[in-house]
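**Student:** So that you have it, the file is final-v9.cif, and it contains mmCIF, C-alpha atoms and all ligand atoms:
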```cif
data_upload
#
loop_
_atom_site.label_atom_id
_atom_site.label_comp_id
_atom_site.auth_asym_id
_atom_site.auth_seq_id
_atom_site.Cartn_x
_atom_site.Cartn_y
_atom_site.Cartn_z
CA MET A 222 35.40 -48.62 -5.74
CA VAL A 223 38.44 -47.60 -3.77
CA ALA A 224 40.00 -50.28 -1.59
CA THR A 225 39.57 -49.42 2.07
CA GLY A 226 41.11 -52.50 3.66
CA PRO A 227 42.87 -51.79 6.93
CA SER A 228 45.90 -53.76 5.76
CA SER A 229 46.48 -51.40 2.85
CA SER A 230 49.81 -49.67 3.09
CA ASN A 231 48.80 -47.06 0.54
CA ARG A 232 48.68 -43.69 2.23
CA THR A 233 45.64 -42.45 0.30
CA ASN A 234 43.67 -45.63 0.86
CA SER A 235 44.31 -45.64 4.58
CA ALA A 236 43.34 -41.98 4.69
CA ILE A 237 40.06 -42.84 2.96
CA ALA A 238 39.51 -45.74 5.37
CA SER A 239 39.76 -43.32 8.26
CA LEU A 240 36.95 -41.16 6.92
CA SER A 241 33.26 -41.55 7.52
CA HIS A 242 31.41 -41.34 4.23
CA GLY A 243 30.31 -37.87 3.25
CA ARG A 244 31.06 -36.03 6.44
CA PRO A 245 34.25 -34.65 7.94
CA ILE A 246 35.49 -36.60 10.93
CA PHE A 247 38.47 -34.45 11.82
CA PRO A 248 39.67 -34.25 14.49
CA ASP A 249 38.24 -37.61 15.56
CA PRO A 250 40.64 -40.30 14.29
CA ALA A 251 38.64 -43.03 16.06
CA ALA A 252 35.63 -42.65 13.77
CA ILE A 253 34.75 -45.95 12.14
CA PRO A 254 33.83 -45.83 8.45
CA ARG A 255 30.31 -46.97 7.77
CA PRO A 256 30.03 -50.09 5.63
CA PHE A 257 29.34 -49.81 1.93
CA ALA A 258 25.83 -51.28 2.22
CA GLU A 259 24.85 -48.58 4.68
CA ARG A 260 26.23 -45.87 2.39
CA ARG A 261 23.85 -47.04 -0.26
CA ALA A 262 20.92 -47.48 2.13
CA SER A 263 19.28 -44.18 1.20
CA PRO A 264 17.04 -44.72 -1.82
CA LEU A 265 17.97 -43.12 -5.12
CA PRO A 266 15.65 -40.31 -6.12
CA LEU A 267 14.87 -42.21 -9.30
CA PRO A 268 15.57 -45.71 -10.52
CA CYS A 269 18.72 -46.09 -12.53
CA ARG A 270 18.19 -46.70 -16.23
CA CYS A 271 20.40 -49.49 -17.40
CA ASN A 272 19.85 -48.57 -21.04
CA LYS A 273 21.26 -45.09 -20.45
CA MET A 274 23.98 -45.51 -23.07
CA LEU A 275 21.47 -46.37 -25.77
CA GLN A 276 19.23 -43.38 -25.36
CA SER A 277 18.62 -40.90 -28.11
CA THR A 278 19.84 -37.36 -27.69
CA ALA A 279 17.87 -36.10 -30.68
CA VAL A 280 16.14 -33.25 -28.88
CA SER A 281 18.85 -32.58 -26.31
CA ASP A 282 19.76 -29.16 -27.67
CA GLY A 283 16.18 -28.01 -28.06
CA THR A 284 14.62 -24.96 -26.48
CA SER A 285 12.01 -25.24 -23.78
CA GLY A 286 9.36 -24.81 -26.53
CA ASP A 287 10.76 -27.74 -28.56
CA VAL A 288 10.86 -29.89 -25.45
CA ILE A 289 7.26 -29.07 -24.60
CA GLY A 290 6.34 -30.12 -28.16
CA VAL A 291 8.13 -33.45 -27.72
CA LEU A 292 6.39 -34.15 -24.42
CA ARG A 293 3.03 -33.22 -25.89
CA ALA A 294 3.66 -35.60 -28.80
CA ARG A 295 4.20 -38.31 -26.18
CA GLY A 296 0.67 -37.66 -24.96
CA LEU A 297 1.61 -35.66 -21.88
CA ARG A 298 -0.78 -32.90 -20.94
CA MET A 299 1.32 -29.74 -20.61
CA THR A 300 -0.05 -28.18 -17.46
CA PRO A 301 1.38 -24.84 -16.21
CA GLN A 302 3.26 -26.88 -13.56
CA ARG A 303 4.96 -29.07 -16.17
CA ARG A 304 5.79 -26.01 -18.29
CA ALA A 305 7.42 -24.39 -15.25
CA ILE A 306 9.47 -27.55 -14.60
CA VAL A 307 10.63 -27.72 -18.23
CA ALA A 308 11.49 -24.00 -18.30
CA GLU A 309 13.51 -24.29 -15.09
CA ILE A 310 15.48 -27.36 -16.15
CA MET A 311 16.24 -25.86 -19.58
CA ARG A 312 17.62 -22.75 -17.83
CA THR A 313 19.85 -24.88 -15.61
CA ARG A 314 23.54 -25.21 -16.42
CA GLY A 315 25.53 -28.01 -14.80
CA HIS A 316 23.68 -30.60 -12.75
CA ILE A 317 20.74 -30.31 -10.42
CA SER A 318 19.12 -32.75 -8.01
CA PRO A 319 15.38 -33.46 -8.28
CA THR A 320 14.96 -31.99 -4.79
CA ALA A 321 16.76 -28.75 -5.69
CA LEU A 322 14.76 -28.46 -8.91
CA ALA A 323 11.49 -29.04 -7.03
CA ARG A 324 12.45 -26.33 -4.54
CA LYS A 325 13.21 -23.84 -7.34
CA VAL A 326 10.00 -24.56 -9.21
CA GLN A 327 7.96 -24.42 -6.01
CA GLY A 328 9.52 -21.01 -5.32
CA GLU A 329 7.99 -19.72 -8.54
CA MET A 330 4.84 -21.77 -8.49
CA PRO A 331 3.80 -22.93 -5.03
CA GLY A 332 1.87 -26.16 -4.97
CA VAL A 333 3.90 -28.01 -7.60
CA ASN A 334 4.00 -31.59 -6.42
CA ALA A 335 7.47 -33.13 -5.98
CA SER A 336 6.24 -36.32 -7.65
CA THR A 337 5.28 -34.27 -10.74
CA VAL A 338 8.86 -33.00 -10.83
CA TYR A 339 10.23 -36.55 -10.58
CA ARG A 340 7.92 -37.89 -13.28
CA THR A 341 8.72 -35.01 -15.63
CA LEU A 342 12.47 -35.48 -15.13
CA SER A 343 12.12 -39.17 -15.84
CA LEU A 344 10.20 -38.49 -19.04
CA LEU A 345 12.69 -35.83 -20.14
CA GLU A 346 15.44 -38.40 -19.75
CA GLU A 347 13.45 -40.96 -21.71
CA VAL A 348 13.16 -38.59 -24.68
CA GLY A 349 16.88 -37.76 -24.53
CA VAL A 350 16.72 -34.19 -23.19
CA LEU A 351 18.31 -35.00 -19.83
CA SER A 352 20.83 -37.47 -18.52
CA HIS A 353 21.42 -38.43 -14.90
CA ALA A 354 24.64 -39.14 -13.04
CA HIS A 355 25.05 -40.52 -9.51
CA LEU A 356 26.98 -38.14 -7.30
CA GLU A 357 27.73 -38.17 -3.55
CA GLY A 358 24.25 -36.90 -2.68
CA GLY A 359 22.32 -39.10 -5.12
CA ALA A 360 21.24 -38.84 -8.74
CA GLU A 361 21.44 -35.44 -10.44
CA TYR A 362 20.42 -34.31 -13.90
CA HIS A 363 22.29 -32.53 -16.68
CA ARG A 364 21.03 -31.48 -20.04
CA ALA A 365 22.15 -34.43 -22.16
CA GLU A 366 24.54 -32.42 -24.32
CA GLU A 367 26.40 -31.25 -21.20
CA ALA A 368 26.68 -34.68 -19.61
CA GLY A 369 29.83 -35.96 -21.34
CA HIS A 370 32.28 -35.84 -18.45
CA VAL A 371 33.44 -37.91 -15.50
CA HIS A 372 32.58 -36.65 -12.01
CA LEU A 373 35.17 -36.75 -9.27
CA THR A 374 33.63 -36.26 -5.84
CA CYS A 375 35.40 -35.92 -2.51
CA SER A 376 33.82 -38.31 -0.02
CA ASN A 377 35.04 -36.17 2.86
CA CYS A 378 34.08 -32.59 1.98
CA GLY A 379 31.79 -33.16 -1.01
CA ALA A 380 33.93 -31.10 -3.41
CA GLU A 381 33.24 -31.89 -7.06
CA ASP A 382 35.50 -31.77 -10.05
CA ASP A 383 35.13 -32.90 -13.66
CA LEU A 384 37.37 -34.98 -15.86
CA SER A 385 36.86 -34.67 -19.61
CA LEU A 386 36.22 -37.85 -21.59
CA GLU A 387 39.53 -37.22 -23.36
CA GLU A 388 41.35 -37.20 -20.01
CA ALA A 389 39.53 -40.39 -19.00
CA GLU A 390 40.28 -42.19 -22.26
CA ALA A 391 43.29 -44.10 -20.92
CA LEU A 392 41.20 -45.39 -17.98
CA SER A 393 38.36 -46.32 -20.31
CA ASP A 394 40.75 -48.21 -22.61
CA LEU A 395 42.28 -50.02 -19.64
CA ILE A 396 38.85 -51.22 -18.48
CA GLU A 397 37.85 -52.20 -22.00
CA ARG A 398 40.91 -54.43 -22.30
CA HIS A 399 39.46 -56.38 -19.36
CA ARG A 400 37.18 -58.84 -21.21
CA GLU A 401 35.92 -56.12 -23.55
CA PHE A 402 33.82 -54.46 -20.87
CA LEU A 403 32.73 -51.06 -22.17
CA PRO A 404 32.58 -48.64 -19.23
CA ASP A 405 30.25 -45.66 -18.99
CA LEU A 406 32.39 -43.42 -16.83
CA THR A 407 29.82 -40.62 -16.95
CA HIS A 408 27.15 -42.58 -15.07
CA PHE A 409 28.65 -42.90 -11.57
CA ALA A 410 31.02 -40.44 -9.95
CA ILE A 411 34.48 -41.59 -8.96
CA SER A 412 34.66 -41.12 -5.22
CA GLY A 413 37.88 -40.26 -3.45
CA LEU A 414 39.69 -37.51 -1.59
CA CYS A 415 40.34 -34.04 -2.95
CA ALA A 416 43.82 -32.53 -2.68
CA GLU A 417 42.81 -30.35 0.27
CA CYS A 418 41.37 -33.27 2.28
CA ARG A 419 44.43 -35.41 1.49
CA ARG A 420 46.60 -32.63 2.85
CA LEU A 421 44.47 -32.39 6.05
CA ALA A 422 44.49 -36.18 6.45
CA GLY A 423 48.29 -36.06 6.39
ZN ZN A 501 21.78 -44.39 -13.04
ZN ZN A 502 28.42 -33.02 -14.28
ZN ZN A 503 37.64 -32.84 0.07
#
```
Before anything else, please render the file you have as structure tokens.
**Tutor:**
Amino acid sequence: MVATGPSSSNRTNSAIASLSHGRPIFPDPAAIPRPFAERRASPLPLPCRCNKMLQSTAVSDGTSGDVIGVLRARGLRMTPQRRAIVAEIMRTRGHISPTALARKVQGEMPGVNASTVYRTLSLLEEVGVLSHAHLEGGAEYHRAEEAGHVHLTCSNCGAEDDLSLEEAEALSDLIERHREFLPDLTHFAISGLCAECRRLAG
């Protein structure tokens, strides 16, 4: 969490304090930032799994056929809708929100229920195929083998960038030295201001 106290003399922090979360306020310098609690008021698409770090990634590099086999072994009936969801997510590179995935699948197969998409995503994460991260717009899913990076998101324009785990190692070590807390820097994005927005904020 970035400090946004009005007394901060840090240029970047005061620039952040002058921004309303997630939307550009320029050229209105009088805009009051919404409080943190309100930022988090919108419900997450899916509940956060606290055991995320302990999950298996055994089938994470499988094909859509392998994944269907795993789900079937878990007793899930593989309807054409579920097959379409699995095929779409296994084709996806980078991250995708449940809403965007539902829209894509519904484009190919009208009538697919959004709740079926959510349940299937949740199950795919449980078996280690997918992994979620919380970005500016809510939780999004990666294929588990592509999820090993730290997200940097601009709270003003929404721009996203990635930091490799190697680049984040010094930060991770620093946090770990604080009472041996082991951070999972891949789970929540680090929010801040991108270079372009910093330049505009002056
Ligand atoms: Zn989570
Ligand atoms: Zn990512
Ligand atoms: Zn930006």
**Student:** Tell me which of A:Ser412, A:Thr337, A:Asn377, A:Ser385 sits closest to ligand ZN 503 (chain A), counting only C-alpha atoms and all ligand atoms.
**Tutor:**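 Checking each candidate against ligand ZN 503 (chain A), we get A:Asn377 as the closest.
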**Student:** Pick the closest to Arg324 of chain A from A:Ala305, A:Met311, A:Leu395, A:Cys418: which is it, counting only C-alpha atoms?
**Tutor:** A:Ala305
**Student:** Would you work out the distance separating atom CA of Glu347 of chain A from atom CA of Gln327 of chain A, expressed in Å to one decimal?
**Tutor:**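 Going from atom CA of Glu347 of chain A over to atom CA of Gln327 of chain A covers 23.5 Å.
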**Student:** Could you pull out the residues sitting within 8 Å of ligand ZN 502 (chain A), using only C-alpha atoms and all ligand atoms, and write them as a PDB file with C-alpha atoms, keeping the file's coordinate frame?
**Tutor:**
```pdb
ATOM      1  CA  GLY A 315      25.530 -28.010 -14.800  1.00  0.00           C
ATOM      2  CA  HIS A 316      23.680 -30.600 -12.750  1.00  0.00           C
ATOM      3  CA  ALA A 354      24.640 -39.140 -13.040  1.00  0.00           C
ATOM      4  CA  HIS A 363      22.290 -32.530 -16.680  1.00  0.00           C
ATOM      5  CA  GLU A 367      26.400 -31.250 -21.200  1.00  0.00           C
ATOM      6  CA  ALA A 368      26.680 -34.680 -19.610  1.00  0.00           C
ATOM      7  CA  GLY A 369      29.830 -35.960 -21.340  1.00  0.00           C
ATOM      8  CA  HIS A 370      32.280 -35.840 -18.450  1.00  0.00           C
ATOM      9  CA  VAL A 371      33.440 -37.910 -15.500  1.00  0.00           C
ATOM     10  CA  HIS A 372      32.580 -36.650 -12.010  1.00  0.00           C
ATOM     11  CA  ASP A 383      35.130 -32.900 -13.660  1.00  0.00           C
TER      12      ASP A 383
END
```
**Student:** Here is a test: counting only C-alpha atoms and all ligand atoms, which residue of A:Val338, A:Leu373, A:Val307, A:Ala389 is nearest to ligand ZN 503 (chain A)?
**Tutor:**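 Closest residue, counting only C-alpha atoms and all ligand atoms: A:Leu373.
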**Student:** Can you measure atom CA of Arg295 of chain A to atom CA of Leu342 of chain A for me? One decimal in Å is fine.
**Tutor:**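 So the two atoms, atom CA of Arg295 of chain A and atom CA of Leu342 of chain A, lie 14.1 Å apart.
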**Student:** Within 10 Å of ligand ZN 503 (chain A), counting only C-alpha atoms and all ligand atoms, which protein or nucleic acid residues do you find, written as a list in words?
**Tutor:**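 Taking only C-alpha atoms and all ligand atoms into account, the residues around ligand ZN 503 (chain A) at most 10 Å away are Gly243, Arg244, Pro245, Thr374, Cys375, Ser376, Asn377, Cys378, Gly379, Ala380, Glu381, Gly413, Leu414, Cys415, Ala416, Glu417, Cys418, Arg419, Arg420, Leu421 and Ala422 of chain A.
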**Student:** For Phe409 of chain A, which residue out of A:Thr320, A:Thr313, A:Thr341, A:Ser352 is the nearest one, using all atoms listed in the file?
**Tutor:** A:Ser352
**Student:** Quick one: residues within 12 Å of (33.3, -50.0, -21.1) (file frame), counting all atoms listed in the file, please, as a list in words.
**Tutor:**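 Here the neighbourhood of the point contains Met274, Ala389, Glu390, Ala391, Leu392, Ser393, Asp394, Leu395, Ile396, Glu397, Arg398, His399, Arg400, Glu401, Phe402, Leu403, Pro404, Asp405, Leu406, Thr407 and His408 of chain A.
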**Student:** For a quick check of understanding, using only C-alpha atoms and all ligand atoms, which of A:Leu384, A:Asn334, A:Gly423, A:His355 has the smallest distance to ligand ZN 501 (chain A)?
**Tutor:** A:His355
**Student:** Given all atoms listed in the file as the basis, pick out the residue of A:Leu344, A:Asp382, A:Ile411, A:Gly359 nearest to ligand ZN 501 (chain A).
**Tutor:**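 Under the stated criterion, the closest residue is A:Gly359.
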**Student:** Which distance in Å separates atom CA of Ala323 of chain A and atom CA of Ala410 of chain A, to one decimal?
**Tutor:**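 So the answer is 22.8 Å.
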**Student:** Fewer than 5 positions away in the same chain doesn't count, so skip those; otherwise give me all residues within 12 Å of Gly290 of chain A, counting all atoms listed in the file, as a ChimeraX atom specification.
**Tutor:** /A:280,283-285,295-299,304,307,345,348
**Student:** Please give the centre and size of the box around segment 332-344 of chain A (axis-aligned, containing every atom listed in the file, 3 Å added per side), with values in Å to one decimal and written as AutoDock Vina command-line options.
**Tutor:**
```
--center_x 7.2 --center_y -32.7 --center_z -12.0 --size_x 16.6 --size_y 19.0 --size_z 20.1
```
**Student:** So that I can look at just that part, could you write segment 310-321 of chain A with all heavy atoms, as an mmCIF file, in the first residue's frame?
**Tutor:**
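Contents of the output file decode-v1.cif:
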```cif
data_model
loop_
_atom_site.group_PDB
_atom_site.id
_atom_site.type_symbol
_atom_site.label_atom_id
_atom_site.label_comp_id
_atom_site.auth_asym_id
_atom_site.auth_seq_id
_atom_site.Cartn_x
_atom_site.Cartn_y
_atom_site.Cartn_z
ATOM 1 N N ILE A 310 -9.795 -21.027 -22.320
ATOM 2 C CA ILE A 310 -8.795 -20.611 -21.327
ATOM 3 C C ILE A 310 -7.420 -21.194 -21.672
ATOM 4 O O ILE A 310 -6.398 -20.553 -21.458
ATOM 5 C CB ILE A 310 -9.218 -20.972 -19.874
ATOM 6 C CG1 ILE A 310 -8.354 -20.236 -18.843
ATOM 7 C CG2 ILE A 310 -9.155 -22.462 -19.585
ATOM 8 C CD1 ILE A 310 -8.722 -18.821 -18.600
ATOM 9 N N MET A 311 -7.385 -22.392 -22.260
ATOM 10 C CA MET A 311 -6.096 -22.989 -22.605
ATOM 11 C C MET A 311 -5.479 -22.309 -23.833
ATOM 12 O O MET A 311 -4.285 -22.413 -24.065
ATOM 13 C CB MET A 311 -6.237 -24.503 -22.843
ATOM 14 C CG MET A 311 -6.669 -25.290 -21.602
ATOM 15 S SD MET A 311 -5.660 -24.989 -20.130
ATOM 16 C CE MET A 311 -4.230 -26.011 -20.480
ATOM 17 N N ARG A 312 -6.312 -21.613 -24.607
ATOM 18 C CA ARG A 312 -5.806 -20.842 -25.756
ATOM 19 C C ARG A 312 -5.290 -19.479 -25.320
ATOM 20 O O ARG A 312 -4.565 -18.819 -26.041
ATOM 21 C CB ARG A 312 -6.960 -20.593 -26.749
ATOM 22 C CG ARG A 312 -7.101 -21.617 -27.838
ATOM 23 C CD ARG A 312 -7.895 -21.044 -29.003
ATOM 24 N NE ARG A 312 -9.263 -20.685 -28.665
ATOM 25 C CZ ARG A 312 -10.279 -21.532 -28.704
ATOM 26 N NH1 ARG A 312 -10.084 -22.782 -29.052
ATOM 27 N NH2 ARG A 312 -11.494 -21.137 -28.404
ATOM 28 N N THR A 313 -5.729 -19.037 -24.140
ATOM 29 C CA THR A 313 -5.419 -17.685 -23.679
ATOM 30 C C THR A 313 -3.969 -17.564 -23.234
ATOM 31 O O THR A 313 -3.458 -18.418 -22.531
ATOM 32 C CB THR A 313 -6.349 -17.316 -22.497
ATOM 33 O OG1 THR A 313 -7.694 -17.373 -22.953
ATOM 34 C CG2 THR A 313 -6.053 -15.926 -21.957
ATOM 35 N N ARG A 314 -3.312 -16.493 -23.665
ATOM 36 C CA ARG A 314 -1.968 -16.176 -23.173
ATOM 37 C C ARG A 314 -2.089 -14.892 -22.353
ATOM 38 O O ARG A 314 -2.871 -14.014 -22.695
ATOM 39 C CB ARG A 314 -0.993 -15.959 -24.334
ATOM 40 C CG ARG A 314 -0.652 -17.250 -25.062
ATOM 41 C CD ARG A 314 0.175 -18.180 -24.169
ATOM 42 N NE ARG A 314 0.411 -19.492 -24.759
ATOM 43 C CZ ARG A 314 -0.400 -20.534 -24.609
ATOM 44 N NH1 ARG A 314 -1.511 -20.422 -23.902
ATOM 45 N NH2 ARG A 314 -0.119 -21.697 -25.158
ATOM 46 N N GLY A 315 -1.327 -14.795 -21.281
ATOM 47 C CA GLY A 315 -1.472 -13.637 -20.404
ATOM 48 C C GLY A 315 -2.682 -13.849 -19.516
ATOM 49 O O GLY A 315 -3.149 -14.976 -19.369
ATOM 50 N N HIS A 316 -3.199 -12.779 -18.918
ATOM 51 C CA HIS A 316 -4.318 -12.983 -18.000
ATOM 52 C C HIS A 316 -5.644 -12.537 -18.576
ATOM 53 O O HIS A 316 -5.715 -11.719 -19.478
ATOM 54 C CB HIS A 316 -4.058 -12.339 -16.646
ATOM 55 C CG HIS A 316 -3.339 -11.043 -16.696
ATOM 56 N ND1 HIS A 316 -3.952 -9.867 -16.983
ATOM 57 C CD2 HIS A 316 -2.021 -10.761 -16.505
ATOM 58 C CE1 HIS A 316 -3.061 -8.899 -16.956
ATOM 59 N NE2 HIS A 316 -1.874 -9.410 -16.673
ATOM 60 N N ILE A 317 -6.701 -13.114 -18.028
ATOM 61 C CA ILE A 317 -8.047 -12.813 -18.518
ATOM 62 C C ILE A 317 -8.996 -12.771 -17.324
ATOM 63 O O ILE A 317 -8.857 -13.562 -16.385
ATOM 64 C CB ILE A 317 -8.493 -13.851 -19.581
ATOM 65 C CG1 ILE A 317 -9.819 -13.429 -20.222
ATOM 66 C CG2 ILE A 317 -8.601 -15.261 -18.989
ATOM 67 C CD1 ILE A 317 -10.128 -14.161 -21.524
ATOM 68 N N SER A 318 -9.932 -11.837 -17.366
ATOM 69 C CA SER A 318 -10.910 -11.747 -16.277
ATOM 70 C C SER A 318 -12.026 -12.750 -16.548
ATOM 71 O O SER A 318 -12.292 -13.101 -17.701
ATOM 72 C CB SER A 318 -11.482 -10.336 -16.197
ATOM 73 O OG SER A 318 -12.324 -10.095 -17.308
ATOM 74 N N PRO A 319 -12.704 -13.209 -15.496
ATOM 75 C CA PRO A 319 -13.828 -14.130 -15.694
ATOM 76 C C PRO A 319 -14.880 -13.534 -16.631
ATOM 77 O O PRO A 319 -15.447 -14.238 -17.460
ATOM 78 C CB PRO A 319 -14.398 -14.313 -14.285
ATOM 79 C CG PRO A 319 -13.251 -14.037 -13.373
ATOM 80 C CD PRO A 319 -12.438 -12.978 -14.060
ATOM 81 N N THR A 320 -15.111 -12.229 -16.520
ATOM 82 C CA THR A 320 -16.110 -11.575 -17.370
ATOM 83 C C THR A 320 -15.698 -11.623 -18.840
ATOM 84 O O THR A 320 -16.513 -11.923 -19.716
ATOM 85 C CB THR A 320 -16.260 -10.091 -16.955
ATOM 86 O OG1 THR A 320 -16.289 -10.030 -15.540
ATOM 87 C CG2 THR A 320 -17.503 -9.475 -17.521
ATOM 88 N N ALA A 321 -14.411 -11.319 -19.110
ATOM 89 C CA ALA A 321 -13.931 -11.337 -20.491
ATOM 90 C C ALA A 321 -13.978 -12.752 -21.057
ATOM 91 O O ALA A 321 -14.342 -12.960 -22.218
ATOM 92 C CB ALA A 321 -12.508 -10.785 -20.557
#
```
